[in-house]
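Undergrad: I am attaching a structure below and will ask some questions about it afterwards.
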Number of protein chains: 4
Amino acid sequence: MVRTLAVDLNCDLGEGFGRYNLGDDAEMMRWITSANVACGFHAGDPDVMAQTVALAKAQGVALGAHPGFPDLQGFGRRAMTLSPTAITHAITYQLGALEAFARVAGTRLVHVKPHGALYNLAARDEVTANAIARAVAAYDPSLILVGLGGSKLVGAGIAAGLCVANEGFPDRAYLPDGQLMPRDQEDALITDPEQVASNAVRLVTEGFIGGDQSFRIDTLCLHGDHHSAVDNAKLVRRALEEAGVEIHPLAWILGV
Amino acid sequence: MVRTLAVDLNCDLGEGFGRYNLGDDAEMMRWITSANVACGFHAGDPDVMAQTVALAKAQGVALGAHPGFPDLQGFGRRAMTLSPTAITHAITYQLGALEAFARVAGTRLVHVKPHGALYNLAARDEVTANAIARAVAAYDPSLILVGLGGSKLVGAGIAAGLCVANEGFPDRAYLPDGQLMPRDQEDALITDPEQVASNAVRLVTEGFIGGDQSFRIDTLCLHGDHHSAVDNAKLVRRALEEAGVEIHPLAWILGV
Amino acid sequence: MVRTLAVDLNCDLGEGFGRYNLGDDAEMMRWITSANVACGFHAGDPDVMAQTVALAKAQGVALGAHPGFPDLQGFGRRAMTLSPTAITHAITYQLGALEAFARVAGTRLVHVKPHGALYNLAARDEVTANAIARAVAAYDPSLILVGLGGSKLVGAGIAAGLCVANEGFPDRAYLPDGQLMPRDQEDALITDPEQVASNAVRLVTEGFIGGDQSFRIDTLCLHGDHHSAVDNAKLVRRALEEAGVEIHPLAWILGV
Amino acid sequence: MVRTLAVDLNCDLGEGFGRYNLGDDAEMMRWITSANVACGFHAGDPDVMAQTVALAKAQGVALGAHPGFPDLQGFGRRAMTLSPTAITHAITYQLGALEAFARVAGTRLVHVKPHGALYNLAARDEVTANAIARAVAAYDPSLILVGLGGSKLVGAGIAAGLCVANEGFPDRAYLPDGQLMPRDQEDALITDPEQVASNAVRLVTEGFIGGDQSFRIDTLCLHGDHHSAVDNAKLVRRALEEAGVEIHPLAWILGV
């Protein structure tokens, strides 16, 4: 039997704040299956969240929370030494805030993916990973936890009884141990659209081999906050389709 | 038939932030029936909210949201000209954030009472009142909306199909039209504990007559953020009991 | 003797924050003579301020502070009821913060122009206007205070012994009393570049007649935060030059 | 010749924010010679800063800036991975903001001492230390830089050409390498007033020996944010006086 190759395409959206816009959310929504929506700590505000939830619902994109560190100036990309309890509470708060807009809009949260420095910390640090996973499990055990493929966060999610998704980054360089190369290092960001597209295909068709692990990639992250974001998304999507990869929402991919 | 006189006693709690404490929440909880918990905009943070929800649950105090303007420096006491949509979204966000902690703690929200300048604005201004009432009704129509007795907010809550509670302030001076005298005016705050207690009894036994309205007071606000707060609360409680007034949670008072 | 017609061209710059950019400051700097730099309350952060001050110095544009309400989400465009003392302190703080970057860069502040809702409030409300003017005079009496032409702020500046500049807005509609039409009203923003340019010429050559006053316009505000900002600035500049109006920095215009 | 033993007594003050107070600044001012005033990032706001500067001036206490990480919720006690440039800019901003209040009050800044996690990071990490020292030197090379005795920050200050002060903590436990034991470790905070007082005397009379260094302690930090702060301060002061140690401001101690 031939197993169907399929992947979810996710994008960080709703990253504006007040007067500030970031990316063309409405257009990006056309090319993805899952939206990770900022919850007001590192980006997003109540108005932006309401608009983004409405967009996701209108375009049939699955809604996820994208909680981050409370650091708007740093866009959540600066590590902060919060206690595990403080991390758990920060996740709880942001999940509830976003779900309120989902409820009012008549839709619901499907997944959770930590943002930026919190995501990276949770990929490497078990204490942080557990603080996040426990927050999600206590809030709603039916939520899917998205983490860096093969990382501590994925492990913590499984330990907490959550359904987890292994994420891959076609536009980021990886370190030998399977972690992402930090953004401030040269060559960390892959900007050539063709290379991004071929990485996407490879990640899905070959799975990921990093550190001592190999696993299937359930979802690919497409970045939406630069000017060629939409073109890249189209290219990735076409390359995947040409390689026989189906595009489906996370819940379909994970069979939940 | 003699109707039982009864009232709810509410207090604004969870008003700390980070390193800052305000009031002795654990002690105040012993003397009240409803806690209005700050939601992180004018006071409160995820850690404070988690602790306050846990306290309320442990002491059997009904939990309510106390959303305010996004102005920590001004403690939500400075009016801000948010659009009605922005007010609705700010309320939605704060309701969801607090309810997340209630859910994790195994309890639930019973009521909503706007805070500070938002409360005062909603008492006078129909547009603001409607923006709040609609946010609450869209989020959860079973929540009780608490507003200044006889004010626009109470009217907006009724129009939105919500169960409403008329609130009285035994330690605040009223203007002839039934509005509260602004805090920065002399004599706005009544500090004599005996007078506060007798005001409490009068508000409950006589009801309120302000402007062109008269109505029953369903809940009395006790302030918890000054050093004699607990002593005042005990005094009010005793005076009410001596006057034959029963103390019950809002849901009992309103029969819901 | 024929008096030379001349005007300063100012623009609000440095309005980014963290990850967020707003407008092409480097390009706008080429067409203006005075930069009003956000100070971190409604926009701007220490990094943005350092960059903007460096840009202004490099391009020989006079540096001014653009203090606003502490409301990043509202971009300082929502009125807040700060006490006069709180306004004075907020101005003092922002002046010092920006001047620190000027000092380190080897340049200095020339003017101060309140931003957004604070500007509008100061134009109408004498108490606010005085709170601002006194803050500026106490901090550095050699600073030029820029206010809406003929407004309370200009009057307060004169009363405080400051050198003042009457500002005109070629891309905004005026109310009959000389105030700006609020941004949320239809037709408040004039978007036709030709009309903006002709308004600019008219404001400078005819002066302003509003309410019961007439006066010379010392500086014109060009907006930099929309996509055709630079084109508009060039057009205004050319129209002024064709009408024989010289473009000079504020200090030249006011002879200080 | 017998060298006079003398030390400066400093305290972190102005740590309130909006509605929140922390410590009895007016009383603490009576027992110290140098005040480190929060600048609005981790604590303090324009109103608090104005009041604290006025208090320091009235009581003849030398004024210093106490800049911290931009993290009010964490009170600046959570490490954040700011770039060196961002640290430099954050220091510049806060120095200017506080100096504005000093200027308006007719006084001036004497010293700078980083706060909390920034202080601790600068004690260990040369890059952070240099980012701070360069910010201070570029802003005003006559400012005294206060750092943990013998730490990287003191070294960076010397390298930047600044006058530096070695600080000692009588109420904190030290690690063998001369760093402070982190606050969240058991026994990190010494609460017995007698022990604090004897530590103070020992630090001044014996100097500090930590890691591979020994040096004189120029200033002792007294904490002002707990309920027995003032009693502790009196006790330390008396113990020092009984041991023949004179109490003088930093500028006297360092002979500048």
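By convention in this document, the chains of the structure tokens carry letters A, B, ... by their order, each chain's residues are numbered from 1, and ligands are numbered from 1 in the order they are shown.
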Please report, as a Markdown table, each residue of chain C lying at most 10 Å from chain D, together with the nearest pair of atoms and the separation in Å rounded to one decimal; use only C-alpha atoms, and order rows by chain and ascending residue number.
TA:
```
| residue | atom | partner | partner_atom | distance |
| --- | --- | --- | --- | --- |
| C:Cys39 | CA | D:Tyr93 | CA | 9.2 |
| C:Gly40 | CA | D:Tyr93 | CA | 9.3 |
| C:Asp45 | CA | D:Ala90 | CA | 8.6 |
| C:Pro46 | CA | D:His89 | CA | 5.2 |
| C:Asp47 | CA | D:His89 | CA | 5.9 |
| C:Val48 | CA | D:His89 | CA | 9.2 |
| C:Met49 | CA | D:His89 | CA | 8.6 |
| C:Ala50 | CA | D:His89 | CA | 7.0 |
| C:Thr85 | CA | D:Asp47 | CA | 7.9 |
| C:Ala86 | CA | D:Asp47 | CA | 6.2 |
| C:Ile87 | CA | D:Pro46 | CA | 9.2 |
| C:Thr88 | CA | D:Pro46 | CA | 8.9 |
| C:His89 | CA | D:Pro46 | CA | 5.2 |
| C:Ala90 | CA | D:Pro46 | CA | 5.7 |
| C:Ile91 | CA | D:Pro46 | CA | 8.7 |
| C:Thr92 | CA | D:Ala100 | CA | 6.0 |
| C:Tyr93 | CA | D:Ala97 | CA | 4.7 |
| C:Gln94 | CA | D:Ala97 | CA | 6.5 |
| C:Leu95 | CA | D:Ala100 | CA | 7.1 |
| C:Gly96 | CA | D:Ala97 | CA | 4.4 |
| C:Ala97 | CA | D:Ala97 | CA | 4.4 |
| C:Leu98 | CA | D:Tyr93 | CA | 7.0 |
| C:Glu99 | CA | D:Gly96 | CA | 6.6 |
| C:Ala100 | CA | D:Gly96 | CA | 4.6 |
| C:Phe101 | CA | D:Thr92 | CA | 6.7 |
| C:Ala102 | CA | D:Tyr139 | CA | 9.5 |
| C:Arg103 | CA | D:Tyr139 | CA | 6.7 |
| C:Val104 | CA | D:Tyr139 | CA | 5.4 |
| C:Ala105 | CA | D:Ala138 | CA | 8.8 |
| C:Gly106 | CA | D:Ala138 | CA | 9.8 |
| C:Ala135 | CA | D:Val104 | CA | 8.5 |
| C:Val136 | CA | D:Val104 | CA | 9.6 |
| C:Ala137 | CA | D:Val104 | CA | 9.3 |
| C:Ala138 | CA | D:Val104 | CA | 5.6 |
| C:Tyr139 | CA | D:Val104 | CA | 5.4 |
| C:Asp140 | CA | D:Val104 | CA | 8.6 |
```
Undergrad: Using DSSP on the backbone coordinates, identify all residues within stretch 25-89 of chain C classified as alpha helix (DSSP H); present the result as a count of residues only.
TA: 23
Undergrad: Give me, as a count of residues only, the residues of stretch 31-243 of chain C that a backbone DSSP run labels strand (DSSP E or B).
TA: 40
Undergrad: Could you check the closest approach to D:Ser34 for each of D:Asp218, D:Asp171, D:Glu15, D:Glu186 and tell me which residue wins, using only C-alpha atoms?
TA: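 Between D:Asp218, D:Asp171, D:Glu15, D:Glu186, the residue approaching D:Ser34 most closely is D:Asp218.
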Undergrad: Just the residues within 8 Å of C:Ala38, please, counting only C-alpha atoms, with nothing from its chain fewer than 5 positions along; format it as number ranges by chain.
TA: C: 12-15, 43-44, 49, 65-68
Undergrad: Could you write out the selected residues, including all heavy atoms, as a short mmCIF file (atom, residue, chain, number, x, y, z; two decimals), in the first residue's frame?
TA:
```
data_model
loop_
_atom_site.label_atom_id
_atom_site.label_comp_id
_atom_site.auth_asym_id
_atom_site.auth_seq_id
_atom_site.Cartn_x
_atom_site.Cartn_y
_atom_site.Cartn_z
N ASP C 12 6.39 64.17 10.88
CA ASP C 12 6.47 63.25 12.02
C ASP C 12 7.24 62.01 11.59
O ASP C 12 6.80 61.28 10.71
CB ASP C 12 5.07 62.84 12.47
CG ASP C 12 4.18 64.03 12.81
OD1 ASP C 12 4.72 65.15 12.99
OD2 ASP C 12 2.96 63.86 12.89
N LEU C 13 8.37 61.77 12.23
CA LEU C 13 9.22 60.65 11.84
C LEU C 13 9.59 59.80 13.05
O LEU C 13 9.21 60.10 14.17
CB LEU C 13 10.47 61.17 11.13
CG LEU C 13 10.19 61.92 9.82
CD1 LEU C 13 11.46 62.54 9.27
CD2 LEU C 13 9.61 60.95 8.79
N GLY C 14 10.31 58.73 12.76
CA GLY C 14 10.70 57.84 13.87
C GLY C 14 9.49 57.18 14.50
O GLY C 14 9.46 56.95 15.70
N GLU C 15 8.49 56.88 13.69
CA GLU C 15 7.24 56.35 14.24
C GLU C 15 7.17 54.82 14.19
O GLU C 15 6.11 54.24 14.39
CB GLU C 15 6.05 56.98 13.51
CG GLU C 15 5.96 58.48 13.77
CD GLU C 15 4.67 59.11 13.27
OE1 GLU C 15 4.26 58.77 12.15
OE2 GLU C 15 4.09 59.91 14.01
N ALA C 43 4.76 55.91 19.99
CA ALA C 43 5.52 55.29 18.90
C ALA C 43 6.98 55.55 19.20
O ALA C 43 7.32 56.34 20.08
CB ALA C 43 5.14 55.91 17.55
N GLY C 44 7.84 54.86 18.44
CA GLY C 44 9.27 55.02 18.68
C GLY C 44 9.73 54.17 19.85
O GLY C 44 8.96 53.89 20.76
N MET C 49 14.68 55.67 17.90
CA MET C 49 15.06 57.05 18.18
C MET C 49 16.53 57.30 17.82
O MET C 49 16.86 58.34 17.22
CB MET C 49 14.80 57.37 19.65
CG MET C 49 13.29 57.45 19.97
SD MET C 49 12.91 57.27 21.74
CE MET C 49 13.45 58.88 22.34
N ALA C 65 11.26 67.17 19.25
CA ALA C 65 10.59 66.09 19.99
C ALA C 65 9.12 66.07 19.63
O ALA C 65 8.51 67.11 19.40
CB ALA C 65 10.77 66.29 21.48
N HIS C 66 8.56 64.88 19.60
CA HIS C 66 7.15 64.70 19.23
C HIS C 66 6.49 63.87 20.33
O HIS C 66 6.09 62.73 20.10
CB HIS C 66 7.11 63.97 17.88
CG HIS C 66 5.81 64.09 17.16
ND1 HIS C 66 5.06 65.24 17.14
CD2 HIS C 66 5.12 63.20 16.41
CE1 HIS C 66 3.97 65.04 16.42
NE2 HIS C 66 3.97 63.82 15.97
N PRO C 67 6.36 64.44 21.52
CA PRO C 67 5.83 63.67 22.64
C PRO C 67 4.33 63.43 22.50
O PRO C 67 3.61 64.26 21.96
CB PRO C 67 6.12 64.56 23.85
CG PRO C 67 6.16 65.95 23.30
CD PRO C 67 6.72 65.82 21.90
N GLY C 68 3.88 62.28 23.01
CA GLY C 68 2.47 61.94 22.90
C GLY C 68 1.94 61.26 24.14
O GLY C 68 2.66 61.09 25.13
#
```
Undergrad: Need the shell around A:Gly161: protein/DNA/RNA residues with any atom at most 9 Å away, counting only C-alpha atoms. Skip same-chain ones fewer than 5 positions apart. Format as a list in words?
TA: Ala133, Ala137, Pro141 and Ala156 of chain A
Undergrad: Do a neighbour search on stretch 26-30 of chain D at 9 Å with only C-alpha atoms, toss out local chain neighbours closer than 4 positions, and write the hits as a PyMOL selection string.
TA: chain D and resi 11+13+34-35+52+55-56+59-61+224+229-230+233
Undergrad: Name the closest residue to D:Arg19 among the candidates B:Asp225, B:Val127, B:Val7, B:Met80; distances are taken between atoms, counting only C-alpha atoms.
TA: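 Of B:Asp225, B:Val127, B:Val7, B:Met80, the one nearest D:Arg19 is B:Asp225, counting only C-alpha atoms.
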Undergrad: Find the spatial neighbours of D:Thr33, counting only C-alpha atoms, within a cut-off of 8 Å - ignore same-chain residues fewer than 3 positions away - and output them as a PDB file with N, CA and C atoms, in the first residue's frame.
TA:
```
ATOM      1  N   ASP D   8      29.738  55.080  51.063  1.00  0.00           N
ATOM      2  CA  ASP D   8      28.465  55.650  50.613  1.00  0.00           C
ATOM      3  C   ASP D   8      27.369  54.626  50.879  1.00  0.00           C
ATOM      4  N   LEU D   9      26.182  55.097  51.216  1.00  0.00           N
ATOM      5  CA  LEU D   9      25.034  54.188  51.386  1.00  0.00           C
ATOM      6  C   LEU D   9      24.027  54.494  50.282  1.00  0.00           C
ATOM      7  N   ASN D  10      23.771  53.509  49.430  1.00  0.00           N
ATOM      8  CA  ASN D  10      22.812  53.746  48.346  1.00  0.00           C
ATOM      9  C   ASN D  10      21.579  52.869  48.503  1.00  0.00           C
ATOM     10  N   MET D  29      15.290  57.996  52.521  1.00  0.00           N
ATOM     11  CA  MET D  29      16.195  59.093  52.111  1.00  0.00           C
ATOM     12  C   MET D  29      16.964  59.667  53.310  1.00  0.00           C
ATOM     13  N   GLY D  60      18.945  66.298  50.230  1.00  0.00           N
ATOM     14  CA  GLY D  60      20.387  66.345  49.996  1.00  0.00           C
ATOM     15  C   GLY D  60      21.008  64.999  49.670  1.00  0.00           C
ATOM     16  N   VAL D  61      20.218  64.119  49.093  1.00  0.00           N
ATOM     17  CA  VAL D  61      20.733  62.808  48.705  1.00  0.00           C
ATOM     18  C   VAL D  61      21.184  62.871  47.237  1.00  0.00           C
ATOM     19  N   ALA D  62      22.368  62.328  46.958  1.00  0.00           N
ATOM     20  CA  ALA D  62      22.878  62.364  45.586  1.00  0.00           C
ATOM     21  C   ALA D  62      21.999  61.512  44.677  1.00  0.00           C
ATOM     22  N   ILE D 247      30.130  58.054  56.853  1.00  0.00           N
ATOM     23  CA  ILE D 247      29.168  57.897  55.750  1.00  0.00           C
ATOM     24  C   ILE D 247      29.249  59.153  54.885  1.00  0.00           C
ATOM     25  N   HIS D 248      29.589  58.998  53.625  1.00  0.00           N
ATOM     26  CA  HIS D 248      29.698  60.133  52.718  1.00  0.00           C
ATOM     27  C   HIS D 248      29.135  59.766  51.357  1.00  0.00           C
ATOM     28  N   PRO D 249      28.741  60.776  50.605  1.00  0.00           N
ATOM     29  CA  PRO D 249      28.252  60.493  49.250  1.00  0.00           C
ATOM     30  C   PRO D 249      29.375  59.948  48.365  1.00  0.00           C
ATOM     31  N   LEU D 250      28.967  59.288  47.292  1.00  0.00           N
ATOM     32  CA  LEU D 250      29.920  58.652  46.375  1.00  0.00           C
ATOM     33  C   LEU D 250      31.014  59.596  45.873  1.00  0.00           C
TER      34      LEU D 250
END
```
